Structure formats: C-alpha cells, structure tokens
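**Student:** Encoded as structure tokens, here's the structure I'll be asking about.
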Amino acid sequence: MSNLLAARELMAFTLAFHIVLASLGVALPAMILTANWLGLKRGDGDAMRLARRWSKAMAVTFAVGAVTGTVLSFEFGLLWPRFMERFGDAFGIAFAIEGIFFFTEAIFLAIYIYGWKRLGGWAHFWSGVPMVITGVGGAFSVVTANSWMNTPQGFTLDGAGKVVETEPLKVLFNPAWVYEVPHMILAAYMVVGFLVASIYAVGMLRGRRDRLHRLGLLIPLTVACIATPIQLFVGDTAAREVADHQPAKFAGMECIQESGPEQTEYVGGICTSDGVKASIPIPDLDSYLVGFSKDTEVTGLDEIPADERPPANTLLHLAFDAMVGIGSALLLLGLWLAWSWWRRREIPRTRWFLRAVAVSGVGAILALWCGWIVTEVGRQPWIVQGYMRTSEAVTGAQGIWFAFAGVLLLYAGLGAGAVLVLRAMSRRWRAEGDEEAGEGEVPYGPSEAVSG
Amino acid sequence: MSRADVAAAILWTGATLYALFGGADFGGGFWDLLAGFDDETGARPRERIQRSLTPVWEANHVWLIFILVVLWTAFPEAFGAIMSTLYVPIALAALGIVLRGAGFAFRKSVQRLSYRRAMGAAFALSSVLTPFFMGTVVGAIAAGNVPAAGEGDAFASWLQPLPMLTGALFVLAGAYLAAVFLVSDSERAGDREMESWFAARALAAGVAAGAVALLGLIALHGEARYVYDRLIVEGLPLVILSILCGFGVLALLLARRRRGLRPLAAGAVVAVIWGWGVAQFPYLLPTSLRIDQAAAPGPTLDSVLIVFGAAVVVVIPALALLYWLSQRELLGD
Ligand code: HDD
Ligand code: HEM
Ligand code: HEM
C-alpha cells in the first residue's frame, strides 16, 4: 500500500514538473515566430531581439523538458510494469506516434536556435515553423494516451485479461480525446502566454518601460487572452462529457452525494458524506450545467460501489473550483486588455493591470496542475478506467520512497538550475543591450575566468 | 519474416542508431572528463567537443525514446519483465540522463567558473555512468538473467562479469566513436592539433574496446551459452566484419589517413550490435521469451511499422539536414 502511494506521488510530482516545460515546448515556438515575423516584416529590431532571446531561453527549457520527459518514459516501466505489460500494446500506440513529433521538434528546434547567425532571415524563420506543428502533434499523441486511460476502447481481452486484439484508430480516437487534447493545447498557450507576459510585467513594474518590454508583454498576452475564452468553452464541454463518461469522477469533483435531479452547485467547501460544508451553494445550477435543465439527473457517489469511488473528494472538488476560478479571472484580465485596446490602442495605464499580469503566469500554471489533478485523481482507483486498478499495476520493487526523496532533491536542483541560468541570461542581455555576445563558447576554460 | 520479426528489426535499427549517434555523444563526455583537470589544457578539446555536440545531442537522444516506445508498444511483456527486474541500473541510467542533459545545457549558459566546473563535471561524469548502466542492462538480458515473468533478482541479475564487461564496452565504444568523429570534425575545422589529439585517443579507445570485447566473449561463453553458441556460428560473419573494420580504423589512424575513417568505425560497432541480435534470435529475452511470444497483436505491430515508415520519410531527411548544416558549421551560438 505504502509502495503504491509512493509510486503515485512520484509519478504525479514528475508529471507536474514536466508538464510546465512541455507547455513551453508546445506553445513557445508560436510566440517566438510571431515576434520573428514582426521583426522581418516590419524591420522591427525590438521584435527580432525578443524572438532571439526567447529562443535562447527555450534552448534551456527544452533540454530540461527532454530529460524530465525521458524520466517519465522510464517511470512507466519502473513504477507500473504490470500496466505496461498488459496494456502497452494499446496505450503505446499513441506514444509511438509521439516519437516522430519529438524527433522533428528536436531537429528543427536545433536548426532554429543555432541558425540565428548564419541562416538567411526568412529561411531561418521557416526552419522554425515545423516546431509549431510538432508541438501540437506531440501534445495530441501524449494527451490522447491519457484520454485512453480515461475512456479506454479499441482492444479485446481474452479470459486471462490479456489484450489479444487491438484497433489502433479506436485507441487513438477514444471518446475523451475530443475535449482533452484541445483543452491541453489551449492550456499550453495560456500558460506560456501569461507566463512570458508576466516576466515583462515585472520588468515594467520595476520601471523598465521601453518598447521592448511593451512588446514582450503584448505579444504573448494577446495570444493567451485569445485562448482563454475558447478554453472556458472547451472546459465546459469537457465537464459535461466527464459527467457522461466518468460519472464517479464528476460526482467526486462536484461533491454529489446522492443521484437525482435539481443538483446544487457547490462553490468551494469541504466534502463530507453528509453534504458540503463551508461552501457557497447555488441551487439547481449543477443540473443546468450538465443538461441545460434543472431536471437533469446527475449520478451521485451513492450509486458508485464504495471501492470504485475516487479518493480525496475535497481535494478534487477544490482543484476543480480553482481551475474554473482562475480561468474566469484570466478571462476578466483579457476583457480588461481588450477594452483598453479598443478605446485607446494602449494597455491599461494603472499599475494594477501590470500587477495582475505579473501573477497571471503562476495562476495559469496552477490551473494547469489543478486540471490534471482532477483528471488523474478523479480516475482513481483505476489506472485504466474500469479495466485495471492502480494497485494491480504497481511495481513490486521496494524503496520507492527513497527514490522519491532522491527525485525531489534532483528536481529541486534542476528547477533551481534552470531558473538561475535563465535569470543570468536575462541579466546579461540587459547589461549588453544589443548583441547577445559571449554565450560562452568554452565550457569551463580559462577565458571565462577572465571575462566572467 | 513475420511482422513480429520486422518489429524486432525496427527495435534493433533504433538501438543501432542510438549506439552510433547517442553513443558518440556519450563518448564526447568521456573525453571531456579526461581532458585534464587543468582548465588551460582542457579548454581546446572541450571547446571542440561542445561545438560538435551542441546542435545535435537532443535529436540524437530521441533514439532512446524511440527504443523505449517501440519496446513497450510492440513487446510489452518484455518491457515489463526488463523494467521489473533491472530497475536498479535502469533508474541509475535515468539519473545519469538527467544530470547529463542538464549539466550540458546549463554549463554553457552560466558565467561563474565554479558553476561551470560543477556543471561540466556533472555532464562528463554522467556521460560515463549512463552508458555503463545501459550496458549492464544489455549484458544482463543477454545472460538470460531477466525471466519472462519479470521480477527477477534485482541485483544478482546484473552484478555479474558479463553485464559489467558489457557496460565497460558501451563506454569504450562510445569513446571510440566520438574520438573518430572528432578527428574528422577537427580536420574539417583545420585544427591540426586537435586532430592528432583525438586521433591518439581514437587509437587507444579502439584497442581498449577490442580487448574488452575479447574478455566479453569469454564471459559470454561462461554466462550466456545460448548467445555464445549462435554468435560463433550464425553470427560469425558479423564478428569477422567487425574485426576487419576495427583493424581498418587502426590502419588508417596509423597511416594518418582520414578518408573512410568514420564509416569503418561505425561499421565495427554496427556489426557487433547486429551480431548480438543474430545471436539472440529468436529470443528477445534468452531463453525465456521469444519474439513471437512477446509480440503485441497484429494491428499494433502494423502501427509500429507505419510509424517507422513515417519516421523514415520525415525524420531521416530532417536529421540529414541537421547534420549537413552542422557539419558545414552553419549552426552555432
Ligand atoms: C490554463 C489552464 C486551464 C484552465 C483555465 C481550465 N482548465 Fe480545465 N483542465 C486543464 C487546464 C485548464 C488541464 C490541461 O490541466 C486538464 C487536465 C486534463 C485535460 O485534458 O486538461 C483539465 C481538465 C479539465 C476537466 C477534466 C477532464 C477529464 O478528466 O477528462 C474538466 C471537467 C475541466 N478541465 C473543466 C474546465 C472548466 C469548466 C474550465 C473553466 C471554466 C476550465 N477547465 C479551465
Ligand atoms: C506521461 C506523460 C508524458 C511522457 C511519458 C512524456 C515523455 C516525453 C519525452 C520522452 C520527452 C523528450 C523528447 C525529446 O528528447 O525531445 C518529452 C518532451 C516533451 N514532452 Fe512530454 N511526456 C509526457 C507528458 C507530456 C504532455 C502532457 C505533453 C504536452 C501536452 C508533453 C509534451 C512534450 C513536449 C512538447 C516535449 C519536448 C520538450 C520540450 O519542448 O520541453 N509531454 N516528453
Ligand atoms: C498526458 C499524459 C499523462 C499520462 C499518460 C499520465 C499517466 C499517469 C499514470 C500512468 C499514472 C499512475 C497511475 C494512476 O495513478 O492512475 C498517473 C498518476 C497521476 N498523474 Fe498523470 N498522466 C499524464 C499527465 C499528468 C499531468 C500533466 C499531471 C500534472 C499534474 C498528472 C498528475 C497525476 C497525478 C496527480 C497522479 C496521481 C493520481 C493518484 O494516484 O491519486 N498527470 N498519471
């Protein structure tokens, strides 16, 4: 049992770490290329400089994303060998496709990042375009593997529970991919847009109000603000589909104890078996949201066998509310920007706007994590919904807690290292103003001791 | 050839490409480690290594992902068995991958010398440990220490002479390839001094790898009889090919000739990998799990074949473009 818990915590932690870097891999190329395009088209030096800097930063985040992603691939086998053994032939298909996307992304990323000096302007720009496509394609393959765990189909089991036949297209296009994949891609664009914008907002709050900072804020923020309303629409659809496909998950995240119509929507609060405490109840709203009428029947936890109910209901519920709450707040931020832009072609003047943008990046990441908690914890006790329990999948190996402790330390170092390196880069850029010289050709030789 | 055999051949192809390109990247780290503790003398080779590695290491690394994904999709039982038995060296290899990638990416972006040293050390050390542990995994599989049902002995399975020697062979083969590739890179850059620096090391690594391979053959005889017996019969042409290539490289190096160096060095390594494959055939895990027993259902294997076809069409030209640009020194910070 404790081994299972350790494996779950380890998996969750490493996934949560990777997903932030993966989001950068999915969405940052589009921001870089937007800036690059503006730079080429209008001869805009500031935009060009932004594109160049962001791509240098991406060289660092991509490397960390690649190694943490590799760790995940190992973990599938190291932590869940029984799962991979039994369902690898179905679950793996999407990952096989993902391989191609990662390959192509890694190749063109290298050409783009290291091609600034010697490739011609537009040739260089076009060498970056494949990254936008591979980012979306990679997100599709990985997330559809996850949605298959939520709504598994496309395989036949024999008496012993072994997969004897597969239908790859049904595996790939399982019912949940339709909402999970776009929801994740939009989330990546939101996370990256708000995150990059927040960095420039902090700079502006510190008094750096040059054109470079305004542009660095506006380009990503615009992308993110366009993604937000679409995201809320997709999320709303996702919730209805989850109520349909995974009623136990839905009941868990909405704290529905008894099945029936006229379900109350609880905002916040603590879930207990006799009702939700300390929440703001809105009568009938939940039924409305699920079926557009207060008479919609919604499945409650009482209909789910006790050993198939998701654990940690309060966590689930609060994670869901936090995601929705943050999404709504970010929508307001977008409206604020749109209003000001429409009236004055200018970002809002008040410092409060910059403050809001400054925290929006962290907010979007929190929403991302909360969404994944809803998806993953809400599926428990299943690893493959309805077919295999997480407890049947886990490794027999001992000492996972030690591995977990080691990984925590290692990733703390990794995260700190990445942040330090990025901050050092930005400090250097600011000091040097223009051409980012001395990226350091010599690994750790003597010239550094002189210059650095 | 059945579909399962084709899938196994794809797996081996991925392993070959990883050994050639990923292996050479690890080898670059090996020479970085041995370039001397003195910054002054170490700077030149380190710079050469860094310049050759920077644009390509991430793309080369994806072959590892490819191997893992094909293994778990096409042969899920083998994947589960290997992972649940050899989790110690595999976890250590994963640790090495993290330290190596992060160390390499960070060290050229930090300024302070002490940080650089630490990052560089992480990169170089893990460049040696990672292939070593990967080698122990392969050696343990060849020795038949991974039972088909999985959960074999977590330590006795790989703490044996054959896995240890295989680990050493992996490290040396990578070092050998890297040195040979770097000879050519230095030549192209017109850097005579580095050219002979790496040529001397290619020679040494080649001889050392040959010696370890010989010891490995003896260990194979003792610990992996099935594989040994097939290697010296069915695998013999490949063994001979590898030996010939190896001697060809030595001769070229001694004669200071550069043309044909890289293909011959690659040939020596490729022949060993396919010799191992032929020797294991038809087993994935000798001698408890055959390829056809471990294989996924037909449609899944078909998807793997289709994906491989797409990779050949999309990835290979893109990779060729990357190498071409990088060889012509069109890529750089
Ligand atoms: C920027 C991030 C972000 C924002 C603002 C939202 N979401 Fe979300 N949500 C995610 C990021 C996310 C995610 C990327 O973390 C998840 C996890 C799995 C997935 O497909 O997307 C997710 C999952 C997820 C699920 C579970 C899907 C499943 O288990 O299959 C539901 C029901 C919603 N979301 C609903 C919403 C609603 C109603 C939102 C706002 C009104 C909302 N999300 C905003
Ligand atoms: C369990 C889940 C996951 C696994 C096993 C996994 C695996 C990997 C692997 C092996 C890599 C390295 C590839 C390389 O070397 O280039 C990687 C990187 C990446 N992953 Fe993940 N991944 C997972 C989740 C995700 C998710 C949810 C997404 C996106 C939505 C994602 C997107 C990416 C991207 C875009 C990269 C490229 C590296 C970067 O840009 O930072 N991954 N992942
Ligand atoms: C898209 C690719 C993903 C795949 C294929 C995937 C797969 C898995 C697997 C196999 C497990 C272990 C078995 C289980 O507990 O059911 C797991 C657990 C978990 N994952 Fe994911 N995951 C993905 C993305 C994410 C992301 C991005 C997060 C970010 C926070 C996340 C959070 C978690 C959590 C919290 C658990 C533990 C659930 C629990 O045991 O209560 N997952 N995931």
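Chains: A, B, ... in order of the structure tokens. Residues: from 1 per chain. Ligands: from 1, in order shown.
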If DSSP is run on the backbone, what residues of stretch 266-296 of chain A are strand (DSSP E)? A reply as a list in words would be ideal.
**Tutor:**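 Everything in stretch 266-296 of chain A that counts as strand (DSSP E) is Tyr266, Val267, Ile270, Cys271, Thr272, Gly275, Val276, Lys277, Ile280, Pro281 and Ile282 of chain A.
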**Student:** I need the chosen residues saved as a CSV table (one decimal), in the first residue's frame, with N, CA, C and O atoms.
**Tutor:**
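Saved result, selection04.csv, follows:
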chain,number,residue,atom,x,y,z
A,266,TYR,N,-21.9,23.5,-5.7
A,266,TYR,CA,-21.3,24.0,-4.6
A,266,TYR,C,-20.0,24.7,-5.0
A,266,TYR,O,-19.2,24.1,-5.7
A,267,VAL,N,-19.8,25.9,-4.6
A,267,VAL,CA,-18.6,26.6,-4.9
A,267,VAL,C,-17.7,26.6,-3.7
A,267,VAL,O,-18.1,27.1,-2.6
A,270,ILE,N,-15.9,21.9,1.9
A,270,ILE,CA,-15.3,20.7,2.2
A,270,ILE,C,-16.3,19.6,2.0
A,270,ILE,O,-17.4,19.7,2.5
A,271,CYS,N,-15.9,18.5,1.3
A,271,CYS,CA,-16.9,17.4,1.0
A,271,CYS,C,-16.9,16.4,2.1
A,271,CYS,O,-15.9,15.9,2.6
A,272,THR,N,-18.1,16.2,2.7
A,272,THR,CA,-18.2,15.1,3.6
A,272,THR,C,-19.4,14.2,3.2
A,272,THR,O,-20.2,14.6,2.3
A,275,GLY,N,-23.0,15.9,3.1
A,275,GLY,CA,-23.1,17.2,2.5
A,275,GLY,C,-21.8,18.0,2.5
A,275,GLY,O,-20.8,17.6,3.0
A,276,VAL,N,-21.9,19.2,1.8
A,276,VAL,CA,-20.7,20.0,1.6
A,276,VAL,C,-20.7,21.1,2.7
A,276,VAL,O,-21.7,21.8,2.8
A,277,LYS,N,-19.6,21.2,3.4
A,277,LYS,CA,-19.5,22.2,4.4
A,277,LYS,C,-18.8,23.5,3.9
A,277,LYS,O,-17.9,23.4,3.1
A,280,ILE,N,-20.4,27.9,-0.9
A,280,ILE,CA,-21.5,28.7,-1.4
A,280,ILE,C,-22.4,27.9,-2.3
A,280,ILE,O,-21.9,27.5,-3.4
A,281,PRO,N,-23.5,27.5,-1.9
A,281,PRO,CA,-24.4,26.6,-2.7
A,281,PRO,C,-25.2,27.4,-3.7
A,281,PRO,O,-25.7,28.5,-3.3
A,282,ILE,N,-25.3,27.0,-4.9
A,282,ILE,CA,-26.2,27.6,-5.9
A,282,ILE,C,-27.2,26.5,-6.3
A,282,ILE,O,-26.8,25.6,-7.1
**Student:** Counting only C-alpha atoms, which residues in chain B sit no more than 7 Å from chain A? For each one, give the nearest pair of atoms and the distance in Å, sorted by chain then residue number, as JSON lines.
**Tutor:**
{"residue": "B:Asp39", "atom": "CA", "partner": "A:Gly445", "partner_atom": "CA", "distance": 4.9}
{"residue": "B:Glu40", "atom": "CA", "partner": "A:Pro446", "partner_atom": "CA", "distance": 6.0}
{"residue": "B:Ala43", "atom": "CA", "partner": "A:Gly445", "partner_atom": "CA", "distance": 4.8}
{"residue": "B:Arg46", "atom": "CA", "partner": "A:Pro443", "partner_atom": "CA", "distance": 6.4}
{"residue": "B:Glu47", "atom": "CA", "partner": "A:Val442", "partner_atom": "CA", "distance": 5.1}
{"residue": "B:Pro55", "atom": "CA", "partner": "A:Ala110", "partner_atom": "CA", "distance": 5.4}
{"residue": "B:Glu58", "atom": "CA", "partner": "A:Ala106", "partner_atom": "CA", "distance": 6.2}
{"residue": "B:Ala59", "atom": "CA", "partner": "A:Ala106", "partner_atom": "CA", "distance": 5.2}
{"residue": "B:Val62", "atom": "CA", "partner": "A:Phe103", "partner_atom": "CA", "distance": 6.0}
{"residue": "B:Ile65", "atom": "CA", "partner": "A:Thr70", "partner_atom": "CA", "distance": 6.8}
{"residue": "B:Phe66", "atom": "CA", "partner": "A:Gly99", "partner_atom": "CA", "distance": 5.9}
{"residue": "B:Val69", "atom": "CA", "partner": "A:Ala96", "partner_atom": "CA", "distance": 5.6}
{"residue": "B:Val70", "atom": "CA", "partner": "A:Ala96", "partner_atom": "CA", "distance": 6.5}
{"residue": "B:Trp72", "atom": "CA", "partner": "A:Gly88", "partner_atom": "CA", "distance": 5.5}
{"residue": "B:Thr73", "atom": "CA", "partner": "A:Gly92", "partner_atom": "CA", "distance": 4.5}
{"residue": "B:Ala74", "atom": "CA", "partner": "A:Asp89", "partner_atom": "CA", "distance": 6.1}
{"residue": "B:Pro76", "atom": "CA", "partner": "A:Glu85", "partner_atom": "CA", "distance": 4.6}
{"residue": "B:Glu77", "atom": "CA", "partner": "A:Glu85", "partner_atom": "CA", "distance": 4.6}
{"residue": "B:Phe79", "atom": "CA", "partner": "A:Glu85", "partner_atom": "CA", "distance": 6.7}
{"residue": "B:Gly80", "atom": "CA", "partner": "A:Pro81", "partner_atom": "CA", "distance": 4.6}
{"residue": "B:Met83", "atom": "CA", "partner": "A:Leu78", "partner_atom": "CA", "distance": 5.4}
{"residue": "B:Ser84", "atom": "CA", "partner": "A:Pro81", "partner_atom": "CA", "distance": 6.2}
{"residue": "B:Tyr87", "atom": "CA", "partner": "A:Leu78", "partner_atom": "CA", "distance": 6.1}
{"residue": "B:Ala94", "atom": "CA", "partner": "A:Val71", "partner_atom": "CA", "distance": 6.1}
{"residue": "B:Ile97", "atom": "CA", "partner": "A:Val67", "partner_atom": "CA", "distance": 6.5}
{"residue": "B:Val98", "atom": "CA", "partner": "A:Val67", "partner_atom": "CA", "distance": 5.2}
{"residue": "B:Gly101", "atom": "CA", "partner": "A:Val67", "partner_atom": "CA", "distance": 6.3}
{"residue": "B:Ala102", "atom": "CA", "partner": "A:Val64", "partner_atom": "CA", "distance": 6.2}
{"residue": "B:Ala105", "atom": "CA", "partner": "A:Val60", "partner_atom": "CA", "distance": 6.0}
{"residue": "B:Phe106", "atom": "CA", "partner": "A:Val421", "partner_atom": "CA", "distance": 6.5}
{"residue": "B:Arg107", "atom": "CA", "partner": "A:Pro443", "partner_atom": "CA", "distance": 6.5}
{"residue": "B:Lys108", "atom": "CA", "partner": "A:Gly440", "partner_atom": "CA", "distance": 5.5}
{"residue": "B:Ser109", "atom": "CA", "partner": "A:Val421", "partner_atom": "CA", "distance": 6.1}
{"residue": "B:Val110", "atom": "CA", "partner": "A:Val421", "partner_atom": "CA", "distance": 5.9}
{"residue": "B:Gln111", "atom": "CA", "partner": "A:Gly452", "partner_atom": "CA", "distance": 5.7}
{"residue": "B:Arg112", "atom": "CA", "partner": "A:Gly452", "partner_atom": "CA", "distance": 6.2}
{"residue": "B:Leu113", "atom": "CA", "partner": "A:Ala449", "partner_atom": "CA", "distance": 6.0}
{"residue": "B:Arg116", "atom": "CA", "partner": "A:Tyr444", "partner_atom": "CA", "distance": 5.2}
{"residue": "B:Arg117", "atom": "CA", "partner": "A:Tyr444", "partner_atom": "CA", "distance": 5.8}
{"residue": "B:Ala296", "atom": "CA", "partner": "A:Asp89", "partner_atom": "CA", "distance": 5.4}
{"residue": "B:Pro297", "atom": "CA", "partner": "A:Glu165", "partner_atom": "CA", "distance": 5.3}
{"residue": "B:Pro299", "atom": "CA", "partner": "A:Thr166", "partner_atom": "CA", "distance": 5.9}
{"residue": "B:Thr300", "atom": "CA", "partner": "A:Asp89", "partner_atom": "CA", "distance": 6.2}
{"residue": "B:Ser303", "atom": "CA", "partner": "A:Ile93", "partner_atom": "CA", "distance": 6.9}
{"residue": "B:Val304", "atom": "CA", "partner": "A:Ala96", "partner_atom": "CA", "distance": 6.8}
{"residue": "B:Val307", "atom": "CA", "partner": "A:Ile97", "partner_atom": "CA", "distance": 6.2}
{"residue": "B:Ala311", "atom": "CA", "partner": "A:Ile100", "partner_atom": "CA", "distance": 6.0}
{"residue": "B:Val315", "atom": "CA", "partner": "A:Thr104", "partner_atom": "CA", "distance": 6.1}
{"residue": "B:Ala318", "atom": "CA", "partner": "A:Ile107", "partner_atom": "CA", "distance": 6.8}
{"residue": "B:Leu319", "atom": "CA", "partner": "A:Ile107", "partner_atom": "CA", "distance": 6.5}
{"residue": "B:Leu322", "atom": "CA", "partner": "A:Ile111", "partner_atom": "CA", "distance": 6.4}
{"residue": "B:Leu330", "atom": "CA", "partner": "A:Arg118", "partner_atom": "CA", "distance": 5.6}
{"residue": "B:Leu331", "atom": "CA", "partner": "A:Tyr114", "partner_atom": "CA", "distance": 4.8}
{"residue": "B:Gly332", "atom": "CA", "partner": "A:Tyr114", "partner_atom": "CA", "distance": 4.7}
{"residue": "B:Asp333", "atom": "CA", "partner": "A:Tyr114", "partner_atom": "CA", "distance": 5.5}
**Student:** Would you list the residues that come within 6 Å of ligand 3? Count only C-alpha atoms and all ligand atoms and give the answer as a list in words.
**Tutor:**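 Counting only C-alpha atoms and all ligand atoms, the residues within 6 Å of ligand 3 come out as Arg8, Met11, Ala12, Leu15, Ala16, Ile19, Val142, Val143, Ala145, Asn146, Trp369, Trp372, Ile373, Glu376, Val377, Gln380, Trp382, Ile383 and Thr390 of chain A.
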**Student:** From the set B:His61, B:Arg262, B:Arg3, B:Arg256, which residue has the shortest atom-to-atom contact distance to ligand 2, counting only C-alpha atoms and all ligand atoms?
**Tutor:** B:His61
**Student:** Between A:Ala338, A:Glu262, A:Ala239, A:Gly371, which is the closest to ligand 2 once you count only C-alpha atoms and all ligand atoms?
**Tutor:** A:Gly371
**Student:** Please report the interatomic distance between atom CA of B:Ser288 and atom CA of B:Ala142 in Å with one decimal.
**Tutor:**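 Computing it gives 11.2 Å between the two atoms.
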**Student:** Name the closest residue to B:Ala91 among the candidates B:Leu169, B:Leu217, B:Leu129, B:Ala251; distances are taken between atoms, counting only C-alpha atoms.
**Tutor:**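 For B:Ala91, the nearest of the candidates is B:Leu129.
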**Student:** Residues of stretch 202-411 of chain A in alpha helix (DSSP H) according to DSSP, as a PyMOL selection string?
**Tutor:** chain A and resi 202-205+211-245+247-254+285-291+313-344+351-379+390-393+400-411
**Student:** Between A:Val223, A:Leu4, A:Ala187, A:Met131, single out the one closest to ligand 1, counting only C-alpha atoms and all ligand atoms.
**Tutor:**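 Closest residue, counting only C-alpha atoms and all ligand atoms: A:Ala187.
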**Student:** Could you name the residues that touch stretch 189-206 of chain A at 8 Å or less, counting only C-alpha atoms, but leaving out those on the same chain fewer than 3 positions away, as a PyMOL selection string?
**Tutor:** chain A and resi 23-24+26-28+31+185-186+209+213-214+216-225+227-228+351+354-355+357-362+364-365+368
**Student:** Please write the residues from the selection above to a file, keeping N, CA and C atoms, as an mmCIF file, in the first residue's frame.
**Tutor:**
data_model
loop_
_atom_site.group_PDB
_atom_site.id
_atom_site.type_symbol
_atom_site.label_atom_id
_atom_site.label_comp_id
_atom_site.auth_asym_id
_atom_site.auth_seq_id
_atom_site.Cartn_x
_atom_site.Cartn_y
_atom_site.Cartn_z
ATOM 1 N N SER A 23 4.606 22.422 -21.837
ATOM 2 C CA SER A 23 3.783 23.526 -22.337
ATOM 3 C C SER A 23 4.642 24.539 -23.084
ATOM 4 N N LEU A 24 5.829 24.789 -22.534
ATOM 5 C CA LEU A 24 6.727 25.715 -23.234
ATOM 6 C C LEU A 24 7.107 25.156 -24.598
ATOM 7 N N VAL A 26 5.307 23.255 -26.426
ATOM 8 C CA VAL A 26 4.152 23.267 -27.316
ATOM 9 C C VAL A 26 3.883 24.682 -27.828
ATOM 10 N N ALA A 27 3.920 25.661 -26.935
ATOM 11 C CA ALA A 27 3.387 26.973 -27.290
ATOM 12 C C ALA A 27 4.444 28.058 -27.513
ATOM 13 N N LEU A 28 5.624 27.894 -26.936
ATOM 14 C CA LEU A 28 6.600 28.969 -27.093
ATOM 15 C C LEU A 28 7.024 29.201 -28.548
ATOM 16 N N MET A 31 4.982 31.838 -30.206
ATOM 17 C CA MET A 31 5.254 33.210 -29.749
ATOM 18 C C MET A 31 6.557 33.712 -30.381
ATOM 19 N N ILE A 185 -3.960 21.725 -25.269
ATOM 20 C CA ILE A 185 -3.201 22.605 -26.171
ATOM 21 C C ILE A 185 -3.490 24.072 -25.831
ATOM 22 N N LEU A 186 -4.770 24.362 -25.597
ATOM 23 C CA LEU A 186 -5.112 25.734 -25.208
ATOM 24 C C LEU A 186 -4.462 26.089 -23.879
ATOM 25 N N ARG A 209 10.263 50.567 -18.880
ATOM 26 C CA ARG A 209 9.069 50.731 -19.689
ATOM 27 C C ARG A 209 9.393 51.002 -21.146
ATOM 28 N N HIS A 213 9.956 46.026 -23.687
ATOM 29 C CA HIS A 213 9.138 45.430 -22.643
ATOM 30 C C HIS A 213 7.663 45.439 -23.013
ATOM 31 N N ARG A 214 7.215 46.549 -23.627
ATOM 32 C CA ARG A 214 5.791 46.612 -24.002
ATOM 33 C C ARG A 214 5.450 45.528 -25.006
ATOM 34 N N GLY A 216 7.192 42.762 -25.501
ATOM 35 C CA GLY A 216 7.358 41.469 -24.846
ATOM 36 C C GLY A 216 6.160 41.113 -23.997
ATOM 37 N N LEU A 217 5.450 42.138 -23.527
ATOM 38 C CA LEU A 217 4.230 41.881 -22.768
ATOM 39 C C LEU A 217 3.057 41.631 -23.707
ATOM 40 N N LEU A 218 2.979 42.440 -24.737
ATOM 41 C CA LEU A 218 1.778 42.411 -25.578
ATOM 42 C C LEU A 218 1.648 41.163 -26.437
ATOM 43 N N ILE A 219 2.733 40.741 -27.064
ATOM 44 C CA ILE A 219 2.617 39.605 -27.989
ATOM 45 C C ILE A 219 2.091 38.369 -27.254
ATOM 46 N N PRO A 220 2.776 37.900 -26.212
ATOM 47 C CA PRO A 220 2.268 36.692 -25.549
ATOM 48 C C PRO A 220 0.920 36.904 -24.874
ATOM 49 N N LEU A 221 0.731 38.107 -24.303
ATOM 50 C CA LEU A 221 -0.531 38.335 -23.591
ATOM 51 C C LEU A 221 -1.713 38.276 -24.558
ATOM 52 N N THR A 222 -1.535 38.801 -25.754
ATOM 53 C CA THR A 222 -2.622 38.752 -26.728
ATOM 54 C C THR A 222 -2.970 37.305 -27.074
ATOM 55 N N VAL A 223 -1.935 36.514 -27.324
ATOM 56 C CA VAL A 223 -2.193 35.107 -27.654
ATOM 57 C C VAL A 223 -2.971 34.441 -26.515
ATOM 58 N N ALA A 224 -2.502 34.650 -25.288
ATOM 59 C CA ALA A 224 -3.140 33.992 -24.150
ATOM 60 C C ALA A 224 -4.578 34.468 -23.974
ATOM 61 N N CYS A 225 -4.800 35.770 -24.172
ATOM 62 C CA CYS A 225 -6.149 36.298 -23.955
ATOM 63 C C CYS A 225 -7.124 35.815 -25.028
ATOM 64 N N ALA A 227 -6.813 32.756 -26.334
ATOM 65 C CA ALA A 227 -7.036 31.349 -25.999
ATOM 66 C C ALA A 227 -8.029 31.184 -24.855
ATOM 67 N N THR A 228 -8.068 32.165 -23.930
ATOM 68 C CA THR A 228 -8.844 31.963 -22.699
ATOM 69 C C THR A 228 -10.339 31.695 -22.915
ATOM 70 N N ARG A 351 -1.044 50.632 -12.583
ATOM 71 C CA ARG A 351 -0.107 49.594 -12.161
ATOM 72 C C ARG A 351 -0.836 48.317 -11.794
ATOM 73 N N LEU A 354 -0.631 45.814 -14.504
ATOM 74 C CA LEU A 354 0.657 45.123 -14.566
ATOM 75 C C LEU A 354 0.790 44.107 -13.438
ATOM 76 N N ARG A 355 0.283 44.492 -12.269
ATOM 77 C CA ARG A 355 0.339 43.538 -11.151
ATOM 78 C C ARG A 355 -0.455 42.294 -11.482
ATOM 79 N N VAL A 357 -1.147 41.095 -14.449
ATOM 80 C CA VAL A 357 -0.425 40.299 -15.449
ATOM 81 C C VAL A 357 0.744 39.575 -14.785
ATOM 82 N N ALA A 358 1.370 40.253 -13.822
ATOM 83 C CA ALA A 358 2.550 39.661 -13.192
ATOM 84 C C ALA A 358 2.214 38.353 -12.484
ATOM 85 N N VAL A 359 0.998 38.214 -11.971
ATOM 86 C CA VAL A 359 0.660 36.955 -11.295
ATOM 87 C C VAL A 359 -0.080 35.983 -12.216
ATOM 88 N N SER A 360 -0.443 36.439 -13.413
ATOM 89 C CA SER A 360 -1.257 35.582 -14.273
ATOM 90 C C SER A 360 -0.518 34.313 -14.702
ATOM 91 N N GLY A 361 0.807 34.414 -14.880
ATOM 92 C CA GLY A 361 1.566 33.240 -15.312
ATOM 93 C C GLY A 361 1.489 32.123 -14.292
ATOM 94 N N VAL A 362 1.762 32.479 -13.028
ATOM 95 C CA VAL A 362 1.680 31.482 -11.969
ATOM 96 C C VAL A 362 0.246 30.948 -11.867
ATOM 97 N N ALA A 364 -1.968 30.615 -14.249
ATOM 98 C CA ALA A 364 -2.257 29.665 -15.325
ATOM 99 C C ALA A 364 -1.609 28.312 -15.039
ATOM 100 N N ILE A 365 -0.405 28.340 -14.490
ATOM 101 C CA ILE A 365 0.242 27.062 -14.160
ATOM 102 C C ILE A 365 -0.552 26.340 -13.075
ATOM 103 N N LEU A 368 -3.436 24.718 -14.607
ATOM 104 C CA LEU A 368 -2.988 23.527 -15.337
ATOM 105 C C LEU A 368 -2.820 22.341 -14.390
#
**Student:** Quick one: pull the distance between atom CA of B:Leu321 and atom CA of A:Leu40, Å, one decimal.
**Tutor:** 23.8 Å
**Student:** If you measure from atom CA of A:Asn313 to atom 27 (C, counted along the ligand's line) of ligand 1, what distance in Å do you get, rounded to one decimal?
**Tutor:**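 Going from atom CA of A:Asn313 over to atom 27 (C, counted along the ligand's line) of ligand 1 covers 15.6 Å.
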**Student:** Just want the 8 Å neighbourhood of stretch 178-184 of chain A, counted on only C-alpha atoms, with same-chain residues fewer than 5 positions away dropped. Output as a list in words.
**Tutor:**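 Listed by chain and then number, they are Ala139, Phe140, Val143, Thr144, Ser147, Phe173, Gln231, Val234, Gly235, Thr237 and Ala238 of chain A.
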**Student:** Counting only C-alpha atoms, which of A:Gly300, A:Pro29, A:Gly399, A:Gly45 gets nearest to A:Arg211?
**Tutor:**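 Smallest distance to A:Arg211 is found for A:Gly45.
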